[in-house]
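Shown below: run.pdb, with PDB, C-alpha atoms.
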ATOM      1  CA  MET A   1       0.000   0.000   0.000  1.00  0.00           C
ATOM      2  CA  SER A   2       1.099   3.438  -0.701  1.00  0.00           C
ATOM      3  CA  GLU A   3       1.696   5.932   2.014  1.00  0.00           C
ATOM      4  CA  GLU A   4      -1.204   8.060   0.760  1.00  0.00           C
ATOM      5  CA  THR A   5      -3.637   5.137   0.842  1.00  0.00           C
ATOM      6  CA  GLN A   6      -2.449   4.192   4.290  1.00  0.00           C
ATOM      7  CA  SER A   7      -2.883   7.791   5.425  1.00  0.00           C
ATOM      8  CA  ASN A   8      -6.411   7.863   3.954  1.00  0.00           C
ATOM      9  CA  LEU A   9      -7.258   4.619   5.756  1.00  0.00           C
ATOM     10  CA  SER A  10      -5.858   5.978   8.976  1.00  0.00           C
ATOM     11  CA  ASN A  11      -7.854   9.197   8.621  1.00  0.00           C
ATOM     12  CA  ARG A  12     -10.965   7.213   7.782  1.00  0.00           C
ATOM     13  CA  MET A  13     -10.407   4.984  10.844  1.00  0.00           C
ATOM     14  CA  ASP A  14      -9.942   8.047  13.036  1.00  0.00           C
ATOM     15  CA  ARG A  15     -13.185   9.544  11.745  1.00  0.00           C
ATOM     16  CA  LEU A  16     -15.035   6.250  12.196  1.00  0.00           C
ATOM     17  CA  GLU A  17     -13.677   5.942  15.725  1.00  0.00           C
ATOM     18  CA  ALA A  18     -14.689   9.532  16.510  1.00  0.00           C
ATOM     19  CA  ASN A  19     -18.151   8.951  15.027  1.00  0.00           C
ATOM     20  CA  LEU A  20     -18.485   5.724  17.021  1.00  0.00           C
ATOM     21  CA  ASP A  21     -17.448   7.513  20.213  1.00  0.00           C
ATOM     22  CA  GLN A  22     -19.975  10.252  19.483  1.00  0.00           C
ATOM     23  CA  PHE A  23     -22.683   7.658  18.785  1.00  0.00           C
ATOM     24  CA  ILE A  24     -21.915   5.840  22.043  1.00  0.00           C
ATOM     25  CA  ASP A  25     -22.043   9.136  23.944  1.00  0.00           C
ATOM     26  CA  VAL A  26     -25.451   9.955  22.428  1.00  0.00           C
ATOM     27  CA  VAL A  27     -26.793   6.475  23.239  1.00  0.00           C
ATOM     28  CA  LEU A  28     -25.515   6.688  26.811  1.00  0.00           C
ATOM     29  CA  GLN A  29     -27.019  10.148  27.254  1.00  0.00           C
ATOM     30  CA  ASN A  30     -30.346   8.877  25.915  1.00  0.00           C
ATOM     31  CA  GLN A  31     -30.206   5.953  28.343  1.00  0.00           C
ATOM     32  CA  ARG A  32     -29.512   8.316  31.236  1.00  0.00           C
ATOM     33  CA  ASN A  33     -32.395  10.548  30.183  1.00  0.00           C
ATOM     34  CA  GLN A  34     -34.712   7.556  29.900  1.00  0.00           C
ATOM     35  CA  ALA A  35     -33.600   6.285  33.307  1.00  0.00           C
ATOM     36  CA  VAL A  36     -34.409   9.696  34.819  1.00  0.00           C
ATOM     37  CA  GLN A  37     -37.782   9.744  33.073  1.00  0.00           C
ATOM     38  CA  LEU A  38     -38.500   6.214  34.273  1.00  0.00           C
ATOM     39  CA  GLN A  39     -37.638   7.208  37.839  1.00  0.00           C
ATOM     40  CA  ILE A  40     -39.929  10.235  37.594  1.00  0.00           C
ATOM     41  CA  HIS A  41     -42.767   8.084  36.259  1.00  0.00           C
ATOM     42  CA  GLN A  42     -42.242   5.498  38.993  1.00  0.00           C
ATOM     43  CA  GLU A  43     -42.376   8.219  41.644  1.00  0.00           C
ATOM     44  CA  GLN A  44     -45.543   9.647  40.075  1.00  0.00           C
ATOM     45  CA  ILE A  45     -47.142   6.190  40.024  1.00  0.00           C
ATOM     46  CA  ALA A  46     -46.200   5.606  43.667  1.00  0.00           C
ATOM     47  CA  SER A  47     -47.664   8.997  44.582  1.00  0.00           C
ATOM     48  CA  GLN A  48     -50.857   8.278  42.666  1.00  0.00           C
ATOM     49  CA  GLN A  49     -51.161   4.861  44.303  1.00  0.00           C
ATOM     50  CA  GLN A  50     -50.802   6.537  47.703  1.00  0.00           C
ATOM     51  CA  GLN A  51     -53.484   9.054  46.764  1.00  0.00           C
ATOM     52  CA  ILE A  52     -55.772   6.240  45.591  1.00  0.00           C
ATOM     53  CA  SER A  53     -55.223   4.450  48.890  1.00  0.00           C
ATOM     54  CA  GLU A  54     -56.061   7.627  50.823  1.00  0.00           C
ATOM     55  CA  ILE A  55     -59.178   8.193  48.714  1.00  0.00           C
ATOM     56  CA  ARG A  56     -60.295   4.616  49.382  1.00  0.00           C
ATOM     57  CA  GLN A  57     -59.812   5.115  53.112  1.00  0.00           C
ATOM     58  CA  LEU A  58     -61.729   8.399  53.025  1.00  0.00           C
ATOM     59  CA  SER A  59     -64.509   6.790  50.994  1.00  0.00           C
ATOM     60  CA  GLN A  60     -64.735   3.955  53.502  1.00  0.00           C
ATOM     61  CA  ARG A  61     -64.945   6.406  56.410  1.00  0.00           C
ATOM     62  CA  LEU A  62     -67.546   8.455  54.551  1.00  0.00           C
ATOM     63  CA  ALA A  63     -69.644   5.344  53.916  1.00  0.00           C
ATOM     64  CA  GLU A  64     -69.400   4.346  57.583  1.00  0.00           C
ATOM     65  CA  THR A  65     -70.412   7.852  58.664  1.00  0.00           C
ATOM     66  CA  GLN A  66     -73.361   7.851  56.289  1.00  0.00           C
ATOM     67  CA  ILE A  67     -74.530   4.490  57.640  1.00  0.00           C
ATOM     68  CA  GLU A  68     -74.295   5.852  61.186  1.00  0.00           C
ATOM     69  CA  MET A  69     -76.213   8.997  60.165  1.00  0.00           C
ATOM     70  CA  PHE A  70     -78.984   6.993  58.508  1.00  0.00           C
ATOM     71  CA  ALA A  71     -79.251   4.763  61.578  1.00  0.00           C
ATOM     72  CA  ARG A  72     -79.539   7.884  63.761  1.00  0.00           C
ATOM     73  CA  PHE A  73     -82.139   9.368  61.381  1.00  0.00           C
ATOM     74  CA  ASP A  74     -84.177   6.161  61.644  1.00  0.00           C
ATOM     75  CA  GLN A  75     -83.952   6.296  65.423  1.00  0.00           C
ATOM     76  CA  MET A  76     -85.001   9.956  65.463  1.00  0.00           C
ATOM     77  CA  GLN A  77     -87.925   9.234  63.129  1.00  0.00           C
ATOM     78  CA  SER A  78     -89.074   6.453  65.442  1.00  0.00           C
ATOM     79  CA  GLU A  79     -88.834   8.801  68.415  1.00  0.00           C
ATOM     80  CA  ILE A  80     -90.769  11.483  66.544  1.00  0.00           C
ATOM     81  CA  ARG A  81     -93.491   8.984  65.586  1.00  0.00           C
ATOM     82  CA  GLY A  82     -93.731   7.904  69.216  1.00  0.00           C
ATOM     83  CA  LEU A  83     -93.974  11.499  70.409  1.00  0.00           C
ATOM     84  CA  ARG A  84     -96.540  12.282  67.731  1.00  0.00           C
ATOM     85  CA  LEU A  85     -98.680   9.316  68.802  1.00  0.00           C
ATOM     86  CA  GLU A  86     -98.376  10.297  72.474  1.00  0.00           C
ATOM     87  CA  THR A  87     -99.253  13.916  71.668  1.00  0.00           C
ATOM     88  CA  GLN A  88    -102.231  12.805  69.597  1.00  0.00           C
ATOM     89  CA  ARG A  89    -103.422  10.528  72.434  1.00  0.00           C
ATOM     90  CA  MET A  90    -103.074  13.342  74.958  1.00  0.00           C
ATOM     91  CA  LEU A  91    -104.854  15.781  72.646  1.00  0.00           C
ATOM     92  CA  ASP A  92    -107.676  13.301  72.032  1.00  0.00           C
ATOM     93  CA  ALA A  93    -108.007  12.717  75.780  1.00  0.00           C
ATOM     94  CA  TYR A  94    -108.146  16.475  76.414  1.00  0.00           C
ATOM     95  CA  LEU A  95    -110.610  17.240  73.625  1.00  0.00           C
ATOM     96  CA  ASN A  96    -112.767  14.182  74.201  1.00  0.00           C
ATOM     97  CA  PRO A  97    -112.822  13.487  77.900  1.00  0.00           C
ATOM     98  CA  GLU A  98    -114.395  10.234  78.908  1.00  0.00           C
ATOM     99  CA  PRO A  99    -117.729  10.570  80.712  1.00  0.00           C
ATOM    100  CA  PRO A 100    -117.552   9.946  84.440  1.00  0.00           C
ATOM    101  CA  ASP A 101    -118.362   6.466  85.656  1.00  0.00           C
ATOM    102  CA  GLU A 102    -121.825   6.118  87.140  1.00  0.00           C
ATOM    103  CA  ASP A 103    -120.403   3.937  89.914  1.00  0.00           C
ATOM    104  CA  THR A 104    -118.286   6.757  91.338  1.00  0.00           C
ATOM    105  CA  GLY A 105    -121.061   9.240  91.252  1.00  0.00           C
ATOM    106  CA  ASN A 106    -119.114  11.905  89.442  1.00  0.00           C
TER     107      ASN A 106
END

Render the structure in this file as structure tokens.
Amino acid sequence: MSEETQSNLSNRMDRLEANLDQFIDVVLQNQRNQAVQLQIHQEQIASQQQQISEIRQLSQRLAETQIEMFARFDQMQSEIRGLRLETQRMLDAYLNPEPPDEDTGN
């Protein structure tokens, strides 16, 4: 081989090596960027899962509270019905007194 051909091959090899180094650097940088993005996404998913868990707990507590409220409402309605019946009985007794018994002489 001539010295010129050998010099051209050497230059070509140097350029190929430089291009390969540049390509490897770009690939490594892309991998680092993707690793960072993956970490960010994993953290976001973990945060969202925590939020979902908290929402489930709050929903459960809300449901329990609603059940307690409805039970209390039912109890209050029963008490109100009882008071209404008692009031009606007392009102009927006041407005319609029973006649006195003939045995007592009243």

Separation of atom CA of A:Gln39 from atom CA of A:Ile24, in Å and rounded to one decimal: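 These atoms are spaced 22.3 Å apart.
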
Pairwise distance for atom CA of A:Leu62 and atom CA of A:Ser78, rounded to one decimal in Å: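 Interatomic distance, atom CA of A:Leu62 to atom CA of A:Ser78: 24.2 Å.
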
Å distance separating atom CA of A:Asn8 from atom CA of A:Val26, one decimal place: 26.6 Å

Some atoms are absent from stretch 53-64 of chain A, so rebuild all heavy atoms and return them as a PDB file, keeping the file's coordinate frame.
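Everything below was put into rebuild.pdb:
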ATOM      1  N   SER A  53     -55.038   5.113  47.598  1.00  0.00           N
ATOM      2  CA  SER A  53     -55.223   4.450  48.890  1.00  0.00           C
ATOM      3  C   SER A  53     -55.898   5.394  49.885  1.00  0.00           C
ATOM      4  O   SER A  53     -56.823   4.999  50.606  1.00  0.00           O
ATOM      5  CB  SER A  53     -53.876   3.978  49.433  1.00  0.00           C
ATOM      6  OG  SER A  53     -54.018   3.418  50.714  1.00  0.00           O
ATOM      7  N   GLU A  54     -55.461   6.633  49.921  1.00  0.00           N
ATOM      8  CA  GLU A  54     -56.061   7.627  50.823  1.00  0.00           C
ATOM      9  C   GLU A  54     -57.513   7.890  50.453  1.00  0.00           C
ATOM     10  O   GLU A  54     -58.371   8.005  51.330  1.00  0.00           O
ATOM     11  CB  GLU A  54     -55.249   8.919  50.793  1.00  0.00           C
ATOM     12  CG  GLU A  54     -53.876   8.793  51.437  1.00  0.00           C
ATOM     13  CD  GLU A  54     -52.991  10.009  51.228  1.00  0.00           C
ATOM     14  OE1 GLU A  54     -53.457  10.993  50.604  1.00  0.00           O
ATOM     15  OE2 GLU A  54     -51.834   9.971  51.670  1.00  0.00           O
ATOM     16  N   ILE A  55     -57.803   7.967  49.161  1.00  0.00           N
ATOM     17  CA  ILE A  55     -59.178   8.193  48.714  1.00  0.00           C
ATOM     18  C   ILE A  55     -60.051   7.009  49.105  1.00  0.00           C
ATOM     19  O   ILE A  55     -61.195   7.190  49.549  1.00  0.00           O
ATOM     20  CB  ILE A  55     -59.226   8.437  47.189  1.00  0.00           C
ATOM     21  CG1 ILE A  55     -58.618   9.812  46.873  1.00  0.00           C
ATOM     22  CG2 ILE A  55     -60.645   8.328  46.651  1.00  0.00           C
ATOM     23  CD1 ILE A  55     -58.404  10.075  45.403  1.00  0.00           C
ATOM     24  N   ARG A  56     -59.530   5.799  48.974  1.00  0.00           N
ATOM     25  CA  ARG A  56     -60.295   4.616  49.382  1.00  0.00           C
ATOM     26  C   ARG A  56     -60.593   4.656  50.877  1.00  0.00           C
ATOM     27  O   ARG A  56     -61.710   4.337  51.306  1.00  0.00           O
ATOM     28  CB  ARG A  56     -59.530   3.346  49.030  1.00  0.00           C
ATOM     29  CG  ARG A  56     -59.582   2.999  47.562  1.00  0.00           C
ATOM     30  CD  ARG A  56     -58.907   1.690  47.269  1.00  0.00           C
ATOM     31  NE  ARG A  56     -59.010   1.378  45.862  1.00  0.00           N
ATOM     32  CZ  ARG A  56     -58.091   0.752  45.167  1.00  0.00           C
ATOM     33  NH1 ARG A  56     -56.991   0.327  45.760  1.00  0.00           N
ATOM     34  NH2 ARG A  56     -58.272   0.505  43.890  1.00  0.00           N
ATOM     35  N   GLN A  57     -59.603   5.034  51.666  1.00  0.00           N
ATOM     36  CA  GLN A  57     -59.812   5.115  53.112  1.00  0.00           C
ATOM     37  C   GLN A  57     -60.857   6.178  53.448  1.00  0.00           C
ATOM     38  O   GLN A  57     -61.734   5.958  54.289  1.00  0.00           O
ATOM     39  CB  GLN A  57     -58.499   5.414  53.831  1.00  0.00           C
ATOM     40  CG  GLN A  57     -57.512   4.275  53.811  1.00  0.00           C
ATOM     41  CD  GLN A  57     -56.160   4.668  54.381  1.00  0.00           C
ATOM     42  OE1 GLN A  57     -55.919   5.808  54.744  1.00  0.00           O
ATOM     43  NE2 GLN A  57     -55.245   3.708  54.454  1.00  0.00           N
ATOM     44  N   LEU A  58     -60.749   7.336  52.796  1.00  0.00           N
ATOM     45  CA  LEU A  58     -61.729   8.399  53.025  1.00  0.00           C
ATOM     46  C   LEU A  58     -63.125   7.965  52.587  1.00  0.00           C
ATOM     47  O   LEU A  58     -64.116   8.253  53.274  1.00  0.00           O
ATOM     48  CB  LEU A  58     -61.315   9.676  52.282  1.00  0.00           C
ATOM     49  CG  LEU A  58     -60.087  10.403  52.832  1.00  0.00           C
ATOM     50  CD1 LEU A  58     -59.682  11.541  51.897  1.00  0.00           C
ATOM     51  CD2 LEU A  58     -60.358  10.928  54.228  1.00  0.00           C
ATOM     52  N   SER A  59     -63.215   7.272  51.473  1.00  0.00           N
ATOM     53  CA  SER A  59     -64.509   6.790  50.994  1.00  0.00           C
ATOM     54  C   SER A  59     -65.106   5.799  51.979  1.00  0.00           C
ATOM     55  O   SER A  59     -66.318   5.825  52.239  1.00  0.00           O
ATOM     56  CB  SER A  59     -64.360   6.130  49.620  1.00  0.00           C
ATOM     57  OG  SER A  59     -63.950   7.063  48.663  1.00  0.00           O
ATOM     58  N   GLN A  60     -64.260   4.930  52.514  1.00  0.00           N
ATOM     59  CA  GLN A  60     -64.735   3.955  53.502  1.00  0.00           C
ATOM     60  C   GLN A  60     -65.254   4.669  54.751  1.00  0.00           C
ATOM     61  O   GLN A  60     -66.319   4.334  55.264  1.00  0.00           O
ATOM     62  CB  GLN A  60     -63.600   2.983  53.870  1.00  0.00           C
ATOM     63  CG  GLN A  60     -63.990   1.928  54.883  1.00  0.00           C
ATOM     64  CD  GLN A  60     -65.031   0.965  54.351  1.00  0.00           C
ATOM     65  OE1 GLN A  60     -65.069   0.669  53.174  1.00  0.00           O
ATOM     66  NE2 GLN A  60     -65.900   0.495  55.231  1.00  0.00           N
ATOM     67  N   ARG A  61     -64.503   5.655  55.230  1.00  0.00           N
ATOM     68  CA  ARG A  61     -64.945   6.406  56.410  1.00  0.00           C
ATOM     69  C   ARG A  61     -66.232   7.171  56.126  1.00  0.00           C
ATOM     70  O   ARG A  61     -67.121   7.244  56.976  1.00  0.00           O
ATOM     71  CB  ARG A  61     -63.842   7.349  56.882  1.00  0.00           C
ATOM     72  CG  ARG A  61     -62.680   6.606  57.521  1.00  0.00           C
ATOM     73  CD  ARG A  61     -61.774   7.450  58.393  1.00  0.00           C
ATOM     74  NE  ARG A  61     -61.574   8.826  58.021  1.00  0.00           N
ATOM     75  CZ  ARG A  61     -60.410   9.402  57.800  1.00  0.00           C
ATOM     76  NH1 ARG A  61     -59.304   8.713  57.914  1.00  0.00           N
ATOM     77  NH2 ARG A  61     -60.324  10.680  57.487  1.00  0.00           N
ATOM     78  N   LEU A  62     -66.335   7.744  54.927  1.00  0.00           N
ATOM     79  CA  LEU A  62     -67.546   8.455  54.551  1.00  0.00           C
ATOM     80  C   LEU A  62     -68.739   7.499  54.533  1.00  0.00           C
ATOM     81  O   LEU A  62     -69.814   7.829  55.049  1.00  0.00           O
ATOM     82  CB  LEU A  62     -67.376   9.109  53.181  1.00  0.00           C
ATOM     83  CG  LEU A  62     -68.600   9.821  52.614  1.00  0.00           C
ATOM     84  CD1 LEU A  62     -69.029  10.974  53.523  1.00  0.00           C
ATOM     85  CD2 LEU A  62     -68.323  10.323  51.210  1.00  0.00           C
ATOM     86  N   ALA A  63     -68.555   6.326  53.964  1.00  0.00           N
ATOM     87  CA  ALA A  63     -69.644   5.344  53.916  1.00  0.00           C
ATOM     88  C   ALA A  63     -70.057   4.937  55.329  1.00  0.00           C
ATOM     89  O   ALA A  63     -71.261   4.841  55.627  1.00  0.00           O
ATOM     90  CB  ALA A  63     -69.211   4.124  53.114  1.00  0.00           C
ATOM     91  N   GLU A  64     -69.086   4.710  56.201  1.00  0.00           N
ATOM     92  CA  GLU A  64     -69.400   4.346  57.583  1.00  0.00           C
ATOM     93  C   GLU A  64     -70.162   5.469  58.285  1.00  0.00           C
ATOM     94  O   GLU A  64     -71.126   5.219  59.010  1.00  0.00           O
ATOM     95  CB  GLU A  64     -68.118   4.007  58.342  1.00  0.00           C
ATOM     96  CG  GLU A  64     -67.453   2.726  57.879  1.00  0.00           C
ATOM     97  CD  GLU A  64     -66.042   2.539  58.427  1.00  0.00           C
ATOM     98  OE1 GLU A  64     -65.546   3.435  59.152  1.00  0.00           O
ATOM     99  OE2 GLU A  64     -65.438   1.495  58.120  1.00  0.00           O
TER     100      GLU A  64
END
